[in-house]
Amino acid sequence: MEGVKHIIAVASGKGGVGKSTVTVNLALAMAAEGYRVGVLDADIYGPSQAQMLGVGEGVRPQSAGENRFKPLEAHGIQAMSMAFLVDIREPMVWRGPMVAGAFQQMLTQTVWDDLDYLFIDMPPGTGDIQLTLAQKVPVDGAVIVTTPQDIALLDARKGIEMFRKVNVPVLGVVENMSLHICSNCGHSEPIFGEGGGERIAHEYETQVLGRLPLTLSIREQVDGGRPTVVAEPEGEVTATFRDMARQVADQIHGQGTAGPEISFSE
């Protein structure tokens with residue numbers, strides 16, 4: 001893709017596991033490491049990156065010539081989403097081919113400005129968007145987001161298998177909501193189970209890039225348009241995201257090294 005050096009797909013196979021939150025924070029962490037970064041929100045039916053990045057309703061991208069447009073900028077990264085092009089309060093009542101076509105238009109008509117990394121926030125599942133991405137774009141790698149519970153792991157496996165079928169390397173697994181941390185007393189508890197990310201990473205010979213807690217602050221920050229990496233640049237969760245960003249960069253550049261995992265103790 002013109003103006004993009006490396007493309008990373010962030011997928012889950014299942015909705016509700018925090019994939020978009022991981023995508024935006026991972027992208028911001030990569031930018032904090034000194035790279036030029038963009039985010040493409042590929043969820044046509046339910047785009048969320050506009051709100052997470054604090055882009056106001058009704059803000060539209062500028063034209064860059066016939067049928068081409070410039071991405072918006074927020075918190076130092078470039079972004080494109082269906083939410084920038086339509087009224088987000090209106091449902092997208094489209095069949096699969098129309099959705100795939102809209103995604104392809106965003107891919108090919110966005111004029112990215114010299115990106116080192118473009119993170120694509122994939123919709124749940126393994127359907128039209130995923131196939132269009134695999135057929136039209138040279139994806140460098142995929143990051144799989146899951147929670148530790150068995151139901152989420154079932155769909156995460158499908159996501160990994162899908163990328164393997166289309167020859168996209170899986171860079172690793174992000175285990176989200178590993179521990180619930182009480183905002184009052186600080187007590188932590190693995191309410192969704194333990195070890196799920198490790199099991200699936202071992203099964204598919206990949207690695208756990210990091211584990212993230214289930215906390216009120218992470219949700220409040222993305223809802224408010226200031227994701228954790230921006231809101232708490234020196235915080236423990238931000239350190240986890242920056243470690244994950246370094247691991248992704250190392251793999252893309254062929255170094256094959258992985259930084260230490262940051263865990264949350266009881």
# chains A, B, ... in the order shown; residues from 1 in each chain; ligands from 1
>>> residues_around(residues="stretch 59-64 of chain A", least_positions_apart="2", cutoff="9 Å", atoms="only C-alpha atoms", output="list in words")
Val55, Gly56, Glu57, Glu66, Asn67, Arg68, Phe69, Lys70, Pro71, Leu72, Met80, Ala83, Phe84, Leu85, Val86, Thr110 and Val111 of chain A
>>> residues_around(residues="stretch 164-173 of chain A", least_positions_apart="6", cutoff="6 Å", atoms="only C-alpha atoms", output="PyMOL selection string")
chain A and resi 141-145+206-209
>>> closest_residue(among="A:Asp43, A:Glu234, A:Asp140, A:Asp121", to="A:Ala102", atoms="only C-alpha atoms")
A:Asp43
>>> residues_around(residues="A:Leu40", least_positions_apart="3", cutoff="10 Å", atoms="only C-alpha atoms", output="list in words")
Ala9, Thr23, Val24, Asp43, Pro47, Gln49, Pro71, Gln78, Ala79, Met80, Ser81, Met82, Phe103, Met106, Leu107, Thr110, Leu118, Phe119, Ile120, Asp121 and Met122 of chain A
>>> residues_around(residues="A:Leu179", least_positions_apart="2", cutoff="10 Å", atoms="only C-alpha atoms", output="PDB file with all heavy atoms, in the first residue's frame")
ATOM      1  N   THR A 147      -9.678 -13.267  25.676  1.00  0.00           N
ATOM      2  CA  THR A 147      -9.731 -13.307  27.135  1.00  0.00           C
ATOM      3  C   THR A 147      -9.384 -14.732  27.554  1.00  0.00           C
ATOM      4  O   THR A 147      -9.375 -15.645  26.716  1.00  0.00           O
ATOM      5  CB  THR A 147     -11.124 -12.905  27.662  1.00  0.00           C
ATOM      6  OG1 THR A 147     -12.103 -13.813  27.137  1.00  0.00           O
ATOM      7  CG2 THR A 147     -11.476 -11.484  27.243  1.00  0.00           C
ATOM      8  N   PRO A 148      -9.121 -14.975  28.834  1.00  0.00           N
ATOM      9  CA  PRO A 148      -8.686 -16.320  29.236  1.00  0.00           C
ATOM     10  C   PRO A 148      -9.770 -17.382  29.164  1.00  0.00           C
ATOM     11  O   PRO A 148      -9.455 -18.570  29.219  1.00  0.00           O
ATOM     12  CB  PRO A 148      -8.237 -16.125  30.697  1.00  0.00           C
ATOM     13  CG  PRO A 148      -8.034 -14.666  30.864  1.00  0.00           C
ATOM     14  CD  PRO A 148      -9.004 -14.016  29.940  1.00  0.00           C
ATOM     15  N   GLU A 175      -3.587 -11.429  25.907  1.00  0.00           N
ATOM     16  CA  GLU A 175      -4.617 -11.918  26.829  1.00  0.00           C
ATOM     17  C   GLU A 175      -5.191 -10.715  27.576  1.00  0.00           C
ATOM     18  O   GLU A 175      -4.565 -10.178  28.479  1.00  0.00           O
ATOM     19  CB  GLU A 175      -4.037 -12.936  27.812  1.00  0.00           C
ATOM     20  CG  GLU A 175      -5.106 -13.582  28.684  1.00  0.00           C
ATOM     21  CD  GLU A 175      -4.523 -14.573  29.677  1.00  0.00           C
ATOM     22  OE1 GLU A 175      -4.149 -14.140  30.785  1.00  0.00           O
ATOM     23  OE2 GLU A 175      -4.430 -15.765  29.323  1.00  0.00           O
ATOM     24  N   ASN A 176      -6.375 -10.301  27.165  1.00  0.00           N
ATOM     25  CA  ASN A 176      -7.032  -9.156  27.782  1.00  0.00           C
ATOM     26  C   ASN A 176      -7.909  -9.631  28.945  1.00  0.00           C
ATOM     27  O   ASN A 176      -8.358 -10.769  28.979  1.00  0.00           O
ATOM     28  CB  ASN A 176      -7.885  -8.425  26.739  1.00  0.00           C
ATOM     29  CG  ASN A 176      -8.264  -7.025  27.160  1.00  0.00           C
ATOM     30  OD1 ASN A 176      -7.608  -6.418  28.012  1.00  0.00           O
ATOM     31  ND2 ASN A 176      -9.319  -6.493  26.591  1.00  0.00           N
ATOM     32  N   MET A 177      -8.146  -8.730  29.884  1.00  0.00           N
ATOM     33  CA  MET A 177      -8.987  -9.021  31.044  1.00  0.00           C
ATOM     34  C   MET A 177      -8.455 -10.208  31.844  1.00  0.00           C
ATOM     35  O   MET A 177      -9.228 -11.023  32.371  1.00  0.00           O
ATOM     36  CB  MET A 177     -10.449  -9.263  30.632  1.00  0.00           C
ATOM     37  CG  MET A 177     -11.034  -8.188  29.738  1.00  0.00           C
ATOM     38  SD  MET A 177     -12.754  -8.491  29.292  1.00  0.00           S
ATOM     39  CE  MET A 177     -12.951  -7.364  27.902  1.00  0.00           C
ATOM     40  N   ILE A 181      -9.098  -6.003  38.606  1.00  0.00           N
ATOM     41  CA  ILE A 181      -8.495  -5.252  39.702  1.00  0.00           C
ATOM     42  C   ILE A 181      -9.528  -4.292  40.267  1.00  0.00           C
ATOM     43  O   ILE A 181     -10.022  -3.409  39.555  1.00  0.00           O
ATOM     44  CB  ILE A 181      -7.243  -4.493  39.228  1.00  0.00           C
ATOM     45  CG1 ILE A 181      -6.203  -5.481  38.689  1.00  0.00           C
ATOM     46  CG2 ILE A 181      -6.651  -3.676  40.369  1.00  0.00           C
ATOM     47  CD1 ILE A 181      -4.959  -4.828  38.153  1.00  0.00           C
ATOM     48  N   CYS A 182      -9.884  -4.456  41.516  1.00  0.00           N
ATOM     49  CA  CYS A 182     -10.898  -3.626  42.162  1.00  0.00           C
ATOM     50  C   CYS A 182     -10.395  -2.185  42.274  1.00  0.00           C
ATOM     51  O   CYS A 182      -9.284  -1.941  42.759  1.00  0.00           O
ATOM     52  CB  CYS A 182     -11.227  -4.177  43.544  1.00  0.00           C
ATOM     53  SG  CYS A 182     -12.439  -3.172  44.454  1.00  0.00           S
ATOM     54  N   HIS A 187      -7.709  -5.267  45.118  1.00  0.00           N
ATOM     55  CA  HIS A 187      -7.656  -6.737  45.057  1.00  0.00           C
ATOM     56  C   HIS A 187      -7.820  -7.206  43.612  1.00  0.00           C
ATOM     57  O   HIS A 187      -8.627  -6.676  42.854  1.00  0.00           O
ATOM     58  CB  HIS A 187      -8.770  -7.327  45.923  1.00  0.00           C
ATOM     59  CG  HIS A 187      -8.911  -8.815  45.776  1.00  0.00           C
ATOM     60  ND1 HIS A 187      -7.993  -9.705  46.280  1.00  0.00           N
ATOM     61  CD2 HIS A 187      -9.869  -9.569  45.164  1.00  0.00           C
ATOM     62  CE1 HIS A 187      -8.381 -10.938  46.008  1.00  0.00           C
ATOM     63  NE2 HIS A 187      -9.516 -10.879  45.320  1.00  0.00           N
ATOM     64  N   SER A 188      -7.033  -8.199  43.225  1.00  0.00           N
ATOM     65  CA  SER A 188      -7.115  -8.737  41.870  1.00  0.00           C
ATOM     66  C   SER A 188      -7.611 -10.175  41.896  1.00  0.00           C
ATOM     67  O   SER A 188      -7.274 -10.950  42.795  1.00  0.00           O
ATOM     68  CB  SER A 188      -5.753  -8.661  41.178  1.00  0.00           C
ATOM     69  OG  SER A 188      -4.781  -9.383  41.905  1.00  0.00           O
ATOM     70  N   GLU A 189      -8.400 -10.519  40.872  1.00  0.00           N
ATOM     71  CA  GLU A 189      -8.997 -11.856  40.808  1.00  0.00           C
ATOM     72  C   GLU A 189      -9.176 -12.252  39.347  1.00  0.00           C
ATOM     73  O   GLU A 189      -9.676 -11.464  38.536  1.00  0.00           O
ATOM     74  CB  GLU A 189     -10.352 -11.845  41.515  1.00  0.00           C
ATOM     75  CG  GLU A 189     -11.035 -13.188  41.565  1.00  0.00           C
ATOM     76  CD  GLU A 189     -12.372 -13.120  42.310  1.00  0.00           C
ATOM     77  OE1 GLU A 189     -12.823 -11.994  42.600  1.00  0.00           O
ATOM     78  OE2 GLU A 189     -12.946 -14.178  42.583  1.00  0.00           O
ATOM     79  N   PRO A 190      -8.778 -13.466  38.950  1.00  0.00           N
ATOM     80  CA  PRO A 190      -8.927 -13.918  37.558  1.00  0.00           C
ATOM     81  C   PRO A 190     -10.345 -14.409  37.279  1.00  0.00           C
ATOM     82  O   PRO A 190     -10.594 -15.613  37.156  1.00  0.00           O
ATOM     83  CB  PRO A 190      -7.900 -15.057  37.471  1.00  0.00           C
ATOM     84  CG  PRO A 190      -7.857 -15.618  38.854  1.00  0.00           C
ATOM     85  CD  PRO A 190      -8.062 -14.452  39.785  1.00  0.00           C
ATOM     86  N   ILE A 191     -11.290 -13.488  37.136  1.00  0.00           N
ATOM     87  CA  ILE A 191     -12.695 -13.874  37.040  1.00  0.00           C
ATOM     88  C   ILE A 191     -13.020 -14.598  35.733  1.00  0.00           C
ATOM     89  O   ILE A 191     -14.029 -15.298  35.647  1.00  0.00           O
ATOM     90  CB  ILE A 191     -13.619 -12.655  37.210  1.00  0.00           C
ATOM     91  CG1 ILE A 191     -13.332 -11.609  36.132  1.00  0.00           C
ATOM     92  CG2 ILE A 191     -13.473 -12.051  38.591  1.00  0.00           C
ATOM     93  CD1 ILE A 191     -14.271 -10.423  36.194  1.00  0.00           C
ATOM     94  N   PHE A 192     -12.172 -14.455  34.702  1.00  0.00           N
ATOM     95  CA  PHE A 192     -12.406 -15.152  33.442  1.00  0.00           C
ATOM     96  C   PHE A 192     -11.525 -16.393  33.291  1.00  0.00           C
ATOM     97  O   PHE A 192     -11.411 -16.938  32.201  1.00  0.00           O
ATOM     98  CB  PHE A 192     -12.169 -14.210  32.258  1.00  0.00           C
ATOM     99  CG  PHE A 192     -13.206 -13.134  32.134  1.00  0.00           C
ATOM    100  CD1 PHE A 192     -12.838 -11.796  32.163  1.00  0.00           C
ATOM    101  CD2 PHE A 192     -14.545 -13.441  31.992  1.00  0.00           C
ATOM    102  CE1 PHE A 192     -13.784 -10.793  32.052  1.00  0.00           C
ATOM    103  CE2 PHE A 192     -15.502 -12.448  31.875  1.00  0.00           C
ATOM    104  CZ  PHE A 192     -15.119 -11.122  31.918  1.00  0.00           C
ATOM    105  N   GLY A 193     -10.894 -16.812  34.376  1.00  0.00           N
ATOM    106  CA  GLY A 193     -10.034 -17.982  34.314  1.00  0.00           C
ATOM    107  C   GLY A 193      -8.569 -17.587  34.162  1.00  0.00           C
ATOM    108  O   GLY A 193      -8.232 -16.410  34.081  1.00  0.00           O
ATOM    109  N   GLU A 194      -7.717 -18.596  34.124  1.00  0.00           N
ATOM    110  CA  GLU A 194      -6.285 -18.357  34.072  1.00  0.00           C
ATOM    111  C   GLU A 194      -5.620 -19.221  33.005  1.00  0.00           C
ATOM    112  O   GLU A 194      -6.069 -20.333  32.714  1.00  0.00           O
ATOM    113  CB  GLU A 194      -5.633 -18.679  35.421  1.00  0.00           C
ATOM    114  CG  GLU A 194      -6.066 -17.790  36.568  1.00  0.00           C
ATOM    115  CD  GLU A 194      -5.370 -18.154  37.869  1.00  0.00           C
ATOM    116  OE1 GLU A 194      -5.841 -19.074  38.563  1.00  0.00           O
ATOM    117  OE2 GLU A 194      -4.319 -17.533  38.167  1.00  0.00           O
ATOM    118  N   ARG A 211      -0.251  -9.458  28.953  1.00  0.00           N
ATOM    119  CA  ARG A 211      -1.519  -9.657  29.649  1.00  0.00           C
ATOM    120  C   ARG A 211      -1.999  -8.316  30.175  1.00  0.00           C
ATOM    121  O   ARG A 211      -1.219  -7.533  30.708  1.00  0.00           O
ATOM    122  CB  ARG A 211      -1.348 -10.640  30.807  1.00  0.00           C
ATOM    123  CG  ARG A 211      -0.927 -12.034  30.385  1.00  0.00           C
ATOM    124  CD  ARG A 211      -0.699 -12.926  31.602  1.00  0.00           C
ATOM    125  NE  ARG A 211      -0.329 -14.270  31.209  1.00  0.00           N
ATOM    126  CZ  ARG A 211       0.908 -14.636  30.894  1.00  0.00           C
ATOM    127  NH1 ARG A 211       1.891 -13.759  30.941  1.00  0.00           N
ATOM    128  NH2 ARG A 211       1.166 -15.866  30.543  1.00  0.00           N
ATOM    129  N   LEU A 212      -3.292  -8.078  30.041  1.00  0.00           N
ATOM    130  CA  LEU A 212      -3.867  -6.795  30.445  1.00  0.00           C
ATOM    131  C   LEU A 212      -4.958  -7.010  31.482  1.00  0.00           C
ATOM    132  O   LEU A 212      -5.726  -7.975  31.390  1.00  0.00           O
ATOM    133  CB  LEU A 212      -4.453  -6.070  29.229  1.00  0.00           C
ATOM    134  CG  LEU A 212      -3.442  -5.705  28.142  1.00  0.00           C
ATOM    135  CD1 LEU A 212      -4.163  -5.351  26.856  1.00  0.00           C
ATOM    136  CD2 LEU A 212      -2.567  -4.551  28.603  1.00  0.00           C
ATOM    137  N   PRO A 213      -5.065  -6.113  32.456  1.00  0.00           N
ATOM    138  CA  PRO A 213      -6.082  -6.269  33.493  1.00  0.00           C
ATOM    139  C   PRO A 213      -7.440  -5.747  33.041  1.00  0.00           C
ATOM    140  O   PRO A 213      -7.543  -4.975  32.079  1.00  0.00           O
ATOM    141  CB  PRO A 213      -5.526  -5.409  34.628  1.00  0.00           C
ATOM    142  CG  PRO A 213      -4.826  -4.299  33.912  1.00  0.00           C
ATOM    143  CD  PRO A 213      -4.208  -4.929  32.688  1.00  0.00           C
ATOM    144  N   LEU A 214      -8.474  -6.165  33.730  1.00  0.00           N
ATOM    145  CA  LEU A 214      -9.816  -5.620  33.551  1.00  0.00           C
ATOM    146  C   LEU A 214     -10.013  -4.564  34.634  1.00  0.00           C
ATOM    147  O   LEU A 214     -10.196  -4.886  35.807  1.00  0.00           O
ATOM    148  CB  LEU A 214     -10.871  -6.725  33.690  1.00  0.00           C
ATOM    149  CG  LEU A 214     -12.338  -6.290  33.687  1.00  0.00           C
ATOM    150  CD1 LEU A 214     -12.700  -5.643  32.354  1.00  0.00           C
ATOM    151  CD2 LEU A 214     -13.242  -7.491  33.964  1.00  0.00           C
ATOM    152  N   THR A 215      -9.920  -3.291  34.237  1.00  0.00           N
ATOM    153  CA  THR A 215     -10.034  -2.205  35.203  1.00  0.00           C
ATOM    154  C   THR A 215     -10.981  -1.139  34.682  1.00  0.00           C
ATOM    155  O   THR A 215     -11.152  -0.950  33.469  1.00  0.00           O
ATOM    156  CB  THR A 215      -8.673  -1.547  35.496  1.00  0.00           C
ATOM    157  OG1 THR A 215      -8.190  -0.934  34.295  1.00  0.00           O
ATOM    158  CG2 THR A 215      -7.652  -2.559  35.978  1.00  0.00           C
ATOM    159  N   SER A 263       3.475  -8.921  34.303  1.00  0.00           N
ATOM    160  CA  SER A 263       2.330  -9.600  34.895  1.00  0.00           C
ATOM    161  C   SER A 263       1.789  -8.772  36.036  1.00  0.00           C
ATOM    162  O   SER A 263       2.421  -7.833  36.527  1.00  0.00           O
ATOM    163  CB  SER A 263       2.726 -10.990  35.384  1.00  0.00           C
ATOM    164  OG  SER A 263       3.726 -10.886  36.367  1.00  0.00           O
ATOM    165  N   PHE A 264       0.601  -9.125  36.494  1.00  0.00           N
ATOM    166  CA  PHE A 264      -0.059  -8.426  37.586  1.00  0.00           C
ATOM    167  C   PHE A 264      -0.197  -9.407  38.744  1.00  0.00           C
ATOM    168  O   PHE A 264      -0.898 -10.416  38.654  1.00  0.00           O
ATOM    169  CB  PHE A 264      -1.441  -7.906  37.145  1.00  0.00           C
ATOM    170  CG  PHE A 264      -1.339  -6.891  36.049  1.00  0.00           C
ATOM    171  CD1 PHE A 264      -1.305  -7.281  34.716  1.00  0.00           C
ATOM    172  CD2 PHE A 264      -1.221  -5.558  36.342  1.00  0.00           C
ATOM    173  CE1 PHE A 264      -1.193  -6.350  33.720  1.00  0.00           C
ATOM    174  CE2 PHE A 264      -1.107  -4.610  35.335  1.00  0.00           C
ATOM    175  CZ  PHE A 264      -1.089  -5.015  34.017  1.00  0.00           C
ATOM    176  N   SER A 265       0.487  -9.129  39.828  1.00  0.00           N
ATOM    177  CA  SER A 265       0.519 -10.050  40.959  1.00  0.00           C
ATOM    178  C   SER A 265      -0.734  -9.927  41.784  1.00  0.00           C
ATOM    179  O   SER A 265      -1.421  -8.913  41.780  1.00  0.00           O
ATOM    180  CB  SER A 265       1.746  -9.746  41.835  1.00  0.00           C
ATOM    181  OG  SER A 265       1.710  -8.420  42.288  1.00  0.00           O
ATOM    182  N   GLU A 266      -1.014 -11.013  42.498  1.00  0.00           N
ATOM    183  CA  GLU A 266      -2.171 -11.021  43.397  1.00  0.00           C
ATOM    184  C   GLU A 266      -1.932 -10.040  44.529  1.00  0.00           C
ATOM    185  O   GLU A 266      -0.820  -9.912  45.010  1.00  0.00           O
ATOM    186  CB  GLU A 266      -2.369 -12.430  43.962  1.00  0.00           C
ATOM    187  CG  GLU A 266      -2.812 -13.439  42.912  1.00  0.00           C
ATOM    188  CD  GLU A 266      -4.258 -13.282  42.522  1.00  0.00           C
ATOM    189  OE1 GLU A 266      -4.966 -12.503  43.207  1.00  0.00           O
ATOM    190  OE2 GLU A 266      -4.680 -13.902  41.565  1.00  0.00           O
TER     191      GLU A 266
END
>>> atom_distance(atom1="atom CA of A:Val4", atom2="atom CA of A:Gly38")
8.9 Å
>>> select_by_dssp(residues="stretch 15-247 of chain A", states="helix (DSSP H, G or I)", output="number ranges by chain")
A: 19-32, 49-52, 82-84, 96-109, 128-136, 150-165, 196-203, 216-223, 228-231, 236-247
>>> residues_around(residues="A:Lys5", least_positions_apart="2", cutoff="8 Å", atoms="only C-alpha atoms", output="PyMOL selection string")
chain A and resi 1+3+7+114-118
>>> atom_distance(atom1="atom CA of A:Thr21", atom2="atom CA of A:Gln130")
19.2 Å
>>> closest_atom_pairs(of="stretch 65-128 of chain A", to="stretch 149-155 of chain A", cutoff="10 Å", atoms="only C-alpha atoms", output="Markdown table")
| residue | atom | partner | partner_atom | distance |
| --- | --- | --- | --- | --- |
| A:Pro124 | CA | A:Asp155 | CA | 9.2 |
| A:Gly125 | CA | A:Asp155 | CA | 7.9 |
| A:Thr126 | CA | A:Asp155 | CA | 9.5 |
>>> write_last_selection(atoms="N, CA and C atoms", output="JSON list (two decimals), in the first residue's frame")
[["chain", "number", "residue", "atom", "x", "y", "z"],
["A", 124, "PRO", "N", -15.12, -8.62, 14.28],
["A", 124, "PRO", "CA", -15.16, -10.02, 14.74],
["A", 124, "PRO", "C", -15.45, -10.97, 13.58],
["A", 125, "GLY", "N", -15.03, -12.20, 13.73],
["A", 125, "GLY", "CA", -15.38, -13.22, 12.76],
["A", 125, "GLY", "C", -14.28, -13.49, 11.74],
["A", 126, "THR", "N", -14.64, -14.29, 10.73],
["A", 126, "THR", "CA", -13.70, -14.69, 9.69],
["A", 126, "THR", "C", -14.39, -14.60, 8.33]]
>>> residues_around(residues="A:Val229", least_positions_apart="2", cutoff="7 Å", atoms="only C-alpha atoms", output="PyMOL selection string")
chain A and resi 25+28-29+227+231-233+238
>>> atom_distance(atom1="atom CA of A:Thr228", atom2="atom CA of A:Pro123")
21.7 Å
>>> closest_residue(among="A:Arg199, A:Arg226, A:Arg246, A:His6", to="A:Val139", atoms="only C-alpha atoms")
A:His6
>>> residues_around(residues="A:Met52", least_positions_apart="3", cutoff="6 Å", atoms="only C-alpha atoms", output="number ranges by chain")
A: 49, 222-223, 225
>>> write_last_selection(atoms="N, CA, C and O atoms", output="compact mmCIF listing (two decimals), in the first residue's frame")
# COMPACT_ATOMS: atom_id res chain seq x y z
N GLN A 49 -13.23 3.43 16.65
CA GLN A 49 -11.97 4.15 16.81
C GLN A 49 -12.16 5.66 16.87
O GLN A 49 -11.36 6.36 17.51
N VAL A 222 -10.81 5.06 27.21
CA VAL A 222 -11.14 4.96 25.78
C VAL A 222 -12.50 5.57 25.49
O VAL A 222 -12.71 6.18 24.43
N ASP A 223 -13.45 5.45 26.41
CA ASP A 223 -14.75 6.09 26.21
C ASP A 223 -14.60 7.61 26.15
O ASP A 223 -15.35 8.29 25.44
N GLY A 225 -12.05 9.23 24.93
CA GLY A 225 -11.22 9.68 23.82
C GLY A 225 -9.76 9.89 24.16
O GLY A 225 -9.00 10.49 23.38
>>> closest_residue(among="A:Tyr204, A:Ala32, A:Pro97, A:Gln251", to="A:Ala239", atoms="only C-alpha atoms")
A:Ala32
